[in-house]
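Content type mmCIF, C-alpha atoms and all ligand atoms, from the file my_file_14.cif:
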```
data_final
#
loop_
_atom_site.label_atom_id
_atom_site.label_comp_id
_atom_site.auth_asym_id
_atom_site.auth_seq_id
_atom_site.Cartn_x
_atom_site.Cartn_y
_atom_site.Cartn_z
CA MET A 1 0.00 0.00 0.00
CA GLN A 2 2.81 2.36 0.94
CA ILE A 3 4.60 1.51 -2.34
CA ALA A 4 1.43 2.29 -4.32
CA LYS A 5 1.11 5.59 -2.47
CA ASP A 6 4.75 6.46 -3.12
CA ILE A 7 4.31 5.67 -6.79
CA ALA A 8 1.11 7.69 -6.96
CA GLU A 9 3.03 10.65 -5.59
CA ARG A 10 5.87 10.17 -8.06
CA THR A 11 3.60 9.71 -11.07
CA GLY A 12 1.55 12.79 -10.34
CA GLY A 13 -1.37 11.23 -8.51
CA SER A 14 -2.39 8.25 -10.63
CA SER A 15 -2.33 5.23 -8.38
CA ALA A 16 -0.52 2.07 -9.41
CA THR A 17 -2.56 -0.97 -10.41
CA ALA A 18 -1.58 -4.62 -10.63
CA ARG A 19 -0.86 -4.43 -14.38
CA ASP A 20 1.50 -1.48 -14.01
CA MET A 21 5.18 -2.01 -14.69
CA ILE A 22 7.09 -1.15 -11.53
CA ASP A 23 10.86 -1.52 -11.50
CA PRO A 24 12.94 -2.77 -8.55
CA PHE A 25 13.38 0.81 -7.32
CA GLY A 26 9.65 1.51 -7.21
CA ARG A 27 9.59 3.61 -10.39
CA ALA A 28 6.47 3.17 -12.53
CA ILE A 29 7.33 2.77 -16.21
CA THR A 30 4.86 4.96 -18.06
CA TYR A 31 6.93 6.24 -20.98
CA LEU A 32 8.12 4.24 -23.99
CA ARG A 33 10.41 5.63 -26.65
CA VAL A 34 10.46 3.65 -29.87
CA SER A 35 13.24 3.99 -32.40
CA VAL A 36 11.44 3.07 -35.63
CA THR A 37 14.58 3.10 -37.79
CA ASP A 38 18.31 3.53 -37.27
CA ARG A 39 18.59 5.34 -40.63
CA CYS A 40 18.69 9.06 -41.12
CA ASP A 41 18.90 11.64 -43.89
CA PHE A 42 21.37 13.72 -41.80
CA ARG A 43 24.77 12.81 -40.40
CA CYS A 44 25.06 15.09 -37.36
CA VAL A 45 28.70 15.06 -36.33
CA TYR A 46 28.07 14.29 -32.64
CA CYS A 47 25.62 11.50 -33.48
CA MET A 48 26.94 9.54 -36.46
CA ALA A 49 30.04 8.90 -38.47
CA GLU A 50 29.61 10.00 -42.08
CA ASP A 51 30.07 6.51 -43.34
CA MET A 52 27.59 4.61 -41.17
CA THR A 53 26.70 0.96 -41.54
CA PHE A 54 23.01 0.56 -40.92
CA LEU A 55 21.09 -2.54 -40.00
CA PRO A 56 20.07 -4.80 -42.86
CA LYS A 57 16.40 -4.10 -43.65
CA ARG A 58 15.46 -7.72 -42.93
CA ASP A 59 16.42 -7.27 -39.27
CA LEU A 60 13.86 -4.51 -38.75
CA LEU A 61 10.54 -5.19 -37.13
CA THR A 62 7.66 -4.58 -39.51
CA LEU A 63 5.34 -1.68 -38.81
CA GLU A 64 2.71 -4.21 -37.69
CA GLU A 65 5.19 -5.73 -35.22
CA LEU A 66 6.15 -2.28 -33.91
CA ASP A 67 2.46 -1.59 -33.42
CA ARG A 68 1.89 -4.86 -31.57
CA LEU A 69 4.89 -4.29 -29.32
CA SER A 70 4.02 -0.67 -28.54
CA SER A 71 0.38 -1.57 -27.92
CA THR A 72 1.42 -4.27 -25.46
CA PHE A 73 3.31 -1.62 -23.51
CA VAL A 74 0.24 0.61 -23.58
CA GLU A 75 -1.82 -2.27 -22.18
CA LYS A 76 0.78 -2.61 -19.44
CA GLY A 77 0.53 0.99 -18.30
CA VAL A 78 2.54 3.15 -20.72
CA ARG A 79 0.80 6.55 -21.05
CA LYS A 80 3.26 8.33 -23.31
CA LEU A 81 4.74 7.05 -26.55
CA ARG A 82 7.50 8.86 -28.41
CA LEU A 83 8.68 7.76 -31.86
CA THR A 84 12.26 8.55 -32.65
CA GLY A 85 15.22 7.11 -34.56
CA GLY A 86 17.37 7.64 -36.63
CA GLU A 87 14.91 9.92 -38.30
CA PRO A 88 11.40 8.54 -37.65
CA LEU A 89 9.84 10.32 -40.63
CA VAL A 90 12.15 8.63 -43.16
CA ARG A 91 10.83 5.15 -42.31
CA ARG A 92 8.68 4.02 -45.21
CA ASN A 93 4.94 4.26 -44.51
CA ILE A 94 5.55 5.63 -41.03
CA MET A 95 2.17 7.37 -41.11
CA HIS A 96 0.45 3.97 -41.16
CA LEU A 97 2.01 3.22 -37.79
CA ILE A 98 1.22 6.65 -36.36
CA ARG A 99 -2.37 6.49 -37.60
CA SER A 100 -2.79 3.04 -36.11
CA LEU A 101 -1.25 3.98 -32.74
CA SER A 102 -3.53 7.00 -32.53
CA ARG A 103 -6.37 4.61 -31.66
CA HIS A 104 -4.91 4.50 -28.14
CA LEU A 105 -5.37 8.27 -27.87
CA ASP A 106 -8.98 7.88 -28.99
CA SER A 107 -9.61 5.17 -26.41
CA GLY A 108 -7.97 7.21 -23.63
CA ALA A 109 -5.36 4.50 -22.97
CA LEU A 110 -2.59 6.87 -24.02
CA ASP A 111 -2.13 10.49 -22.90
CA GLU A 112 0.37 11.45 -25.55
CA LEU A 113 1.69 10.27 -28.91
CA THR A 114 4.66 12.30 -30.04
CA LEU A 115 7.94 12.24 -31.91
CA THR A 116 11.45 13.64 -32.02
CA THR A 117 12.46 14.66 -35.50
CA ASN A 118 15.13 16.55 -37.37
CA GLY A 119 12.32 18.36 -39.18
CA SER A 120 13.46 17.48 -42.71
CA GLN A 121 10.18 15.76 -43.65
CA LEU A 122 7.80 17.78 -41.48
CA HIS A 123 6.51 19.87 -44.36
CA ARG A 124 5.14 16.63 -45.88
CA PHE A 125 3.58 15.16 -42.76
CA ALA A 126 2.55 18.05 -40.48
CA ASP A 127 -1.16 18.06 -41.34
CA GLU A 128 -1.50 14.31 -41.10
CA LEU A 129 0.35 14.21 -37.79
CA ALA A 130 -2.04 16.79 -36.38
CA ASP A 131 -4.95 14.77 -37.71
CA CYS A 132 -3.62 11.72 -35.84
CA GLY A 133 -3.76 13.61 -32.54
CA VAL A 134 -0.08 14.53 -32.32
CA LYS A 135 -0.14 17.76 -30.33
CA ARG A 136 3.51 18.44 -29.50
CA ILE A 137 6.76 17.38 -31.12
CA ASN A 138 10.45 17.92 -30.49
CA VAL A 139 12.49 19.29 -33.37
CA SER A 140 16.27 19.12 -33.12
CA LEU A 141 18.04 22.26 -34.27
CA ASP A 142 21.53 23.23 -33.15
CA THR A 143 22.02 26.52 -34.99
CA LEU A 144 20.14 29.23 -36.90
CA ASP A 145 22.99 29.79 -39.31
CA PRO A 146 22.43 27.86 -42.59
CA ASP A 147 26.16 27.33 -43.19
CA LYS A 148 26.79 26.09 -39.67
CA PHE A 149 23.68 23.94 -39.99
CA LYS A 150 25.23 22.28 -43.03
CA SER A 151 28.50 21.72 -41.23
CA ILE A 152 26.92 20.17 -38.12
CA THR A 153 24.35 17.97 -39.95
CA ARG A 154 26.67 17.30 -42.92
CA TRP A 155 23.67 16.52 -45.18
CA GLY A 156 20.85 18.72 -43.85
CA ASP A 157 18.97 21.49 -45.65
CA PHE A 158 18.20 24.39 -43.30
CA ASP A 159 15.37 25.88 -45.39
CA LYS A 160 13.55 22.58 -45.50
CA VAL A 161 13.65 22.32 -41.72
CA MET A 162 12.36 25.88 -41.36
CA ASN A 163 9.50 25.08 -43.76
CA GLY A 164 8.76 22.00 -41.71
CA ILE A 165 8.64 23.98 -38.48
CA ARG A 166 6.27 26.51 -40.03
CA ALA A 167 4.06 23.75 -41.44
CA ALA A 168 3.81 22.05 -38.06
CA GLN A 169 2.95 25.31 -36.32
CA ALA A 170 0.35 26.10 -38.97
CA ALA A 171 -1.18 22.68 -38.33
CA GLY A 172 -1.49 23.56 -34.63
CA ILE A 173 1.34 21.34 -33.38
CA LYS A 174 3.38 22.78 -30.49
CA ILE A 175 7.12 22.56 -31.03
CA LYS A 176 9.93 22.26 -28.56
CA LEU A 177 13.36 22.89 -30.00
CA ASN A 178 16.17 20.63 -28.82
CA ALA A 179 19.70 21.94 -29.21
CA VAL A 180 22.84 20.06 -28.28
CA ALA A 181 25.28 22.48 -26.62
CA LEU A 182 28.62 22.19 -28.39
CA LYS A 183 31.75 23.94 -27.32
CA GLY A 184 33.10 26.29 -29.97
CA PHE A 185 30.11 25.63 -32.21
CA ASN A 186 26.92 27.15 -30.85
CA ASP A 187 27.82 28.44 -27.37
CA ALA A 188 27.89 32.08 -28.52
CA GLU A 189 24.62 31.62 -30.41
CA ILE A 190 22.54 30.10 -27.62
CA PRO A 191 21.03 33.39 -26.34
CA ALA A 192 19.92 34.36 -29.88
CA MET A 193 18.42 30.90 -30.41
CA ILE A 194 16.46 31.20 -27.18
CA GLU A 195 15.13 34.61 -28.18
CA TRP A 196 14.15 33.33 -31.60
CA ALA A 197 12.48 30.15 -30.29
CA HIS A 198 10.54 31.99 -27.59
CA GLY A 199 9.58 34.69 -30.07
CA GLN A 200 8.03 31.97 -32.25
CA GLY A 201 6.12 30.48 -29.33
CA MET A 202 8.42 27.47 -28.92
CA ASP A 203 9.99 26.13 -25.75
CA MET A 204 13.62 25.17 -26.03
CA THR A 205 15.77 22.56 -24.34
CA LEU A 206 19.54 22.38 -24.22
CA ILE A 207 21.19 18.95 -24.16
CA GLU A 208 24.68 18.03 -23.06
CA THR A 209 26.56 15.76 -25.44
CA MET A 210 26.46 12.17 -24.34
CA PRO A 211 29.27 9.70 -25.01
CA LEU A 212 27.33 7.25 -27.20
CA GLY A 213 28.88 5.41 -30.14
CA GLU A 214 32.00 5.96 -32.15
CA ILE A 215 31.99 9.14 -34.23
CA ASP A 216 34.66 10.67 -36.45
CA GLY A 217 35.72 13.45 -34.04
CA ASP A 218 36.77 13.74 -30.42
CA ARG A 219 33.98 14.18 -27.89
CA THR A 220 36.07 15.69 -25.15
CA ASP A 221 36.48 18.65 -27.53
CA GLN A 222 32.71 19.07 -27.93
CA TYR A 223 31.64 18.70 -24.35
CA LEU A 224 30.17 21.88 -22.89
CA PRO A 225 28.77 21.57 -19.36
CA LEU A 226 25.33 23.14 -19.11
CA SER A 227 26.20 24.46 -15.66
CA GLN A 228 28.55 26.80 -17.50
CA VAL A 229 25.96 27.68 -20.15
CA ARG A 230 23.45 28.45 -17.42
CA ALA A 231 25.93 30.68 -15.59
CA ASN A 232 26.60 32.61 -18.81
CA LEU A 233 22.88 32.95 -19.55
CA SER A 234 22.25 34.29 -16.05
CA GLU A 235 24.42 37.28 -16.84
CA ARG A 236 22.13 38.23 -19.67
CA PHE A 237 18.70 36.90 -18.67
CA THR A 238 16.70 36.48 -15.48
CA LEU A 239 16.25 32.72 -15.01
CA THR A 240 13.74 31.39 -12.50
CA ASP A 241 13.47 27.67 -11.70
CA ILE A 242 9.96 26.38 -12.33
CA PRO A 243 8.43 22.98 -11.51
CA TYR A 244 7.24 22.48 -15.14
CA LYS A 245 7.51 18.81 -16.25
CA THR A 246 6.96 17.14 -19.60
CA GLY A 247 7.52 13.59 -18.42
CA GLY A 248 11.18 13.79 -19.44
CA PRO A 249 14.41 14.50 -17.56
CA ALA A 250 14.64 18.23 -18.40
CA ARG A 251 14.66 20.79 -15.59
CA TYR A 252 13.03 24.04 -16.62
CA VAL A 253 13.53 27.71 -15.99
CA GLU A 254 11.42 30.61 -17.12
CA ILE A 255 13.19 33.54 -18.75
CA ALA A 256 11.69 36.84 -17.65
CA GLU A 257 12.91 38.78 -20.70
CA THR A 258 11.35 36.43 -23.28
CA GLY A 259 8.49 34.96 -21.25
CA GLY A 260 9.46 31.48 -22.52
CA ARG A 261 10.66 28.24 -20.98
CA LEU A 262 14.14 26.77 -21.26
CA GLY A 263 14.96 23.19 -20.28
CA PHE A 264 18.31 21.69 -19.36
CA ILE A 265 19.09 18.01 -19.89
CA THR A 266 22.27 17.30 -18.02
CA PRO A 267 23.13 13.61 -18.02
CA LEU A 268 26.79 14.25 -17.24
CA THR A 269 26.71 17.01 -14.66
CA HIS A 270 23.51 16.00 -12.93
CA ASN A 271 22.18 12.59 -12.16
CA PHE A 272 18.63 12.46 -13.52
CA CYS A 273 18.02 8.79 -12.92
CA GLU A 274 16.03 8.79 -9.69
CA SER A 275 12.82 9.82 -11.42
CA CYS A 276 13.38 7.78 -14.61
CA ASN A 277 10.05 6.46 -15.88
CA ARG A 278 11.08 5.29 -19.31
CA VAL A 279 12.41 2.43 -21.37
CA ARG A 280 13.58 2.38 -24.98
CA LEU A 281 12.75 -0.02 -27.77
CA THR A 282 14.87 -0.32 -30.89
CA CYS A 283 13.62 -1.05 -34.40
CA THR A 284 14.85 -4.65 -34.05
CA GLY A 285 12.79 -5.26 -30.91
CA THR A 286 15.57 -4.87 -28.34
CA LEU A 287 14.51 -3.18 -25.13
CA TYR A 288 17.04 -0.98 -23.34
CA MET A 289 16.11 -0.33 -19.76
CA CYS A 290 18.65 2.49 -19.49
CA LEU A 291 20.17 4.80 -22.13
CA GLY A 292 23.53 4.66 -20.39
CA GLN A 293 23.88 0.90 -19.81
CA GLU A 294 24.50 -2.02 -22.15
CA ASP A 295 21.98 -4.44 -20.60
CA ALA A 296 19.06 -5.15 -22.93
CA ALA A 297 16.23 -7.63 -23.47
CA ASP A 298 15.27 -9.28 -26.74
CA LEU A 299 11.54 -8.85 -27.30
CA ARG A 300 11.55 -9.90 -30.94
CA THR A 301 11.84 -13.60 -30.11
CA PRO A 302 8.83 -13.72 -27.75
CA LEU A 303 6.92 -11.42 -30.13
CA ARG A 304 7.42 -13.83 -33.02
CA ALA A 305 7.09 -17.01 -30.98
CA SER A 306 3.33 -16.85 -30.70
CA GLU A 307 0.34 -14.88 -31.88
CA GLY A 308 -0.84 -14.19 -28.36
CA ASN A 309 0.92 -11.65 -26.18
CA GLU A 310 1.55 -13.71 -23.06
CA LEU A 311 5.18 -14.60 -23.79
CA LEU A 312 5.87 -11.02 -24.78
CA SER A 313 4.23 -9.65 -21.67
CA ASN A 314 6.27 -12.00 -19.46
CA ALA A 315 9.48 -10.98 -21.23
CA ILE A 316 8.65 -7.31 -20.65
CA ASP A 317 8.03 -7.95 -16.93
CA GLU A 318 11.31 -9.80 -16.67
CA ALA A 319 13.15 -6.91 -18.38
CA ILE A 320 11.57 -4.23 -16.19
CA GLY A 321 12.71 -6.30 -13.22
CA ARG A 322 16.29 -5.67 -14.40
CA LYS A 323 16.02 -1.90 -14.87
CA PRO A 324 19.16 -0.51 -13.25
CA LYS A 325 19.19 2.26 -10.71
CA GLY A 326 21.05 4.62 -13.03
CA HIS A 327 23.73 5.21 -15.60
CA ASP A 328 27.35 6.06 -15.16
CA PHE A 329 28.23 8.07 -18.23
CA ILE A 330 31.74 9.32 -18.45
CA ILE A 331 33.83 10.51 -21.34
CA ASP A 332 37.04 8.59 -20.75
CA ARG A 333 39.80 11.12 -21.12
CA THR A 334 42.51 8.48 -21.34
CA THR A 335 41.10 6.23 -24.05
CA ARG A 336 38.66 8.86 -25.48
CA LYS A 337 36.30 5.93 -26.07
CA PRO A 338 32.54 6.35 -25.65
CA ALA A 339 31.08 5.00 -22.39
CA VAL A 340 28.46 3.13 -24.38
CA GLY A 341 29.32 1.65 -27.77
CA ARG A 342 25.96 2.00 -29.53
CA HIS A 343 24.98 5.24 -31.27
CA MET A 344 22.16 7.50 -30.14
CA SER A 345 20.45 6.67 -33.45
CA VAL A 346 20.02 3.05 -32.25
CA THR A 347 18.20 3.86 -29.03
CA GLY A 348 16.87 7.20 -30.19
CA GLY A 349 17.90 9.50 -27.36
N1 LIG A 401 16.70 12.26 -35.88
C1 LIG A 401 15.86 12.79 -34.86
C2 LIG A 401 16.41 14.10 -34.33
O1 LIG A 401 17.57 14.42 -34.61
O2 LIG A 401 15.67 14.77 -33.62
C3 LIG A 401 15.60 11.84 -33.71
C4 LIG A 401 16.74 11.01 -33.21
S1 LIG A 401 18.11 11.90 -32.52
C5 LIG A 401 19.20 10.58 -32.13
C6 LIG A 401 17.43 12.43 -30.97
C7 LIG A 401 18.18 13.52 -30.26
O3 LIG A 401 19.41 13.01 -29.82
C8 LIG A 401 18.48 14.74 -31.10
O4 LIG A 401 17.99 15.89 -30.43
C9 LIG A 401 19.98 14.77 -31.14
O5 LIG A 401 20.47 16.08 -31.17
C10 LIG A 401 20.35 14.05 -29.89
N2 LIG A 401 21.69 13.42 -29.91
C11 LIG A 401 22.24 12.61 -30.83
N3 LIG A 401 23.47 12.18 -30.47
C12 LIG A 401 23.71 12.75 -29.27
C13 LIG A 401 24.79 12.71 -28.36
N4 LIG A 401 25.88 11.99 -28.59
N5 LIG A 401 24.69 13.44 -27.20
C14 LIG A 401 23.57 14.17 -26.94
N6 LIG A 401 22.51 14.23 -27.74
C15 LIG A 401 22.57 13.54 -28.90
FE1 LIG A 402 20.04 11.93 -37.65
FE2 LIG A 402 18.96 12.87 -35.42
FE3 LIG A 402 21.37 11.64 -35.36
FE4 LIG A 402 21.16 14.03 -36.51
S1 LIG A 402 20.78 13.56 -34.35
S2 LIG A 402 22.20 12.21 -37.38
S3 LIG A 402 19.15 13.98 -37.37
S4 LIG A 402 19.45 10.70 -35.88
#
```

What's the structure tokens form of this structure?
Ligand code: SAM
Ligand code: SF4
Amino acid sequence: MQIAKDIAERTGGSSATARDMIDPFGRAITYLRVSVTDRCDFRCVYCMAEDMTFLPKRDLLTLEELDRLSSTFVEKGVRKLRLTGGEPLVRRNIMHLIRSLSRHLDSGALDELTLTTNGSQLHRFADELADCGVKRINVSLDTLDPDKFKSITRWGDFDKVMNGIRAAQAAGIKIKLNAVALKGFNDAEIPAMIEWAHGQGMDMTLIETMPLGEIDGDRTDQYLPLSQVRANLSERFTLTDIPYKTGGPARYVEIAETGGRLGFITPLTHNFCESCNRVRLTCTGTLYMCLGQEDAADLRTPLRASEGNELLSNAIDEAIGRKPKGHDFIIDRTTRKPAVGRHMSVTGG
């Protein structure tokens, strides 16, 4: 009873039921992120090497299998589903999956269906996304300078992303901009980005680089602690901590001068694990219980082993029972190797 009460407090009042997924540390798992593809039409320098080897197409779960897996999580208590990648909107026929998953919004089983996107395909899909009940999305954008945008994404087209943002806003979708803070790249530009985002009615979140996967460059050169960014911003803006939550790990401030919200995601300087409510599914059906640990559970085998969902449900319970207390990200300054070998595009961030 006490555990249920504790969980109710942590999950914002909803009380735990027998079907809920509760991990060994009493955290209710209510948020599933699904990487629908590891492929992408950009090659952001902190995320991928230019010459990436992607998974063979035959290893991917079909859209029907992704639907069945995600829906099983919804039946087991997930209230928020985020599609990510790779770039989720480059997966062929992705709107079939989104349309199908939107039935859980209609039934009330799901509070939110959303995605994280680089924005390159948004101009094509904005109206349909809105029609499927997608109300808010995250768009990743690290600079407002078209030339710098090209250099950081290698393959991206800035104007296309801007068109996508406008199309999504015109369709009534709220946008949060995500920017990775990169030393020597966008640090000087961050205040202008905040002013622009807030001026357009968008919240913004800054992310610290995480040591995931081999890339072409050196991460210790890119790492910019957000504590430092925040200190710099405080000289220019009035920042006030606010209790605003979006179900993710960001901590928010309000900026008096712009009237907008700014989030900080600080995996390296601040341990955000104690309130972690999420797990991550890859496009091959592997479940990662923690972004910063290697342990994973294969859900593809139980998914394919029978038409019913009992084996799958048991495998999910067993995996949640292994969710670790937290991560221990470090950028190893001696070997300069990433703490976790897989790329962010596998687990989707
Ligand atoms: N392609 C989509 C996009 O860029 O929004 C979704 C997937 S992307 C992997 C999700 C987020 O992870 C993006 O905001 C991206 O900037 C961020 N990201 C990628 N690699 C990262 C890293 N090594 N450290 C921190 N954030 C990273
Ligand atoms: Fe693609 Fe997103 Fe990674 Fe950039 S951050 S390469 S857009 S998956």

Which residues form the shell of 8 Å around ligand LIG 402 (chain A) when you count only C-alpha atoms and all ligand atoms, given as a PyMOL selection string? chain A and resi 38-48+85-87+117-118+140+153+344-345+348

Requested write-out: C-alpha atoms of the selected residues, as a short mmCIF file (atom, residue, chain, number, x, y, z; two decimals), in the coordinates of the input:
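Resulting contents of out-v3.cif:
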```
data_model
loop_
_atom_site.label_atom_id
_atom_site.label_comp_id
_atom_site.auth_asym_id
_atom_site.auth_seq_id
_atom_site.Cartn_x
_atom_site.Cartn_y
_atom_site.Cartn_z
CA ASP A 38 18.31 3.53 -37.27
CA ARG A 39 18.59 5.34 -40.63
CA CYS A 40 18.69 9.06 -41.12
CA ASP A 41 18.90 11.64 -43.89
CA PHE A 42 21.37 13.72 -41.80
CA ARG A 43 24.77 12.81 -40.40
CA CYS A 44 25.06 15.09 -37.36
CA VAL A 45 28.70 15.06 -36.33
CA TYR A 46 28.07 14.29 -32.64
CA CYS A 47 25.62 11.50 -33.48
CA MET A 48 26.94 9.54 -36.46
CA GLY A 85 15.22 7.11 -34.56
CA GLY A 86 17.37 7.64 -36.63
CA GLU A 87 14.91 9.92 -38.30
CA THR A 117 12.46 14.66 -35.50
CA ASN A 118 15.13 16.55 -37.37
CA SER A 140 16.27 19.12 -33.12
CA THR A 153 24.35 17.97 -39.95
CA MET A 344 22.16 7.50 -30.14
CA SER A 345 20.45 6.67 -33.45
CA GLY A 348 16.87 7.20 -30.19
#
```

Excluding Asn277 (chain A) and residues on its chain fewer than 5 positions from it, collect all residues at most 9 Å away from it, counting all atoms listed in the file, and give them as a ChimeraX atom specification. /A:11,27-32,247-248

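Shortest separation to ligand LIG 401 (chain A) among A:Ile173, A:Leu66, A:Leu239, A:Val161 occurs at residue A:Val161, atoms counted being all atoms listed in the file.
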
Taking every listed atom of ligand LIG 401 (chain A) and adding 6 Å to each side, what centre and edge lengths in Å (one decimal) does the axis-aligned box have, as AutoDock Vina command-line options?
```
--center_x 20.7 --center_y 13.3 --center_z -31.4 --size_x 22.3 --size_y 17.5 --size_z 20.9
```

In terms of all atoms listed in the file, the residue from A:Asp157, A:Glu128, A:Glu64, A:Glu208 at minimal distance from ligand LIG 401 (chain A) is A:Glu208

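Among the candidates A:Leu291, A:Met95, A:Ile22, A:Cys276, the residue lying nearest to Gly213 (chain A) is A:Leu291 (atoms considered: all atoms listed in the file).
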
Residue nearest ligand LIG 401 (chain A) - candidates A:Val78, A:Ile316, A:Ala179, A:Cys290, atoms counted: only C-alpha atoms and all ligand atoms: A:Ala179

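Here CA of Arg82 (chain A) stands at a distance of 8.5 Å from CA of Ser35 (chain A).
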
Within 12 Å of Ala126 (chain A), counting only C-alpha atoms, which residues qualify if same-chain residues fewer than 3 places away don't, as a VMD selection string? chain A and resid 89 95 115 117 119 to 123 129 to 137 161 163 to 175

Please identify all polymer residues within 12 Å of Leu299 (chain A), counting all atoms listed in the file, omitting same-chain residues fewer than 2 positions from it, and present them as a ChimeraX atom specification. /A:61,65-66,68-70,72-73,280-288,296-297,301-306,309-319
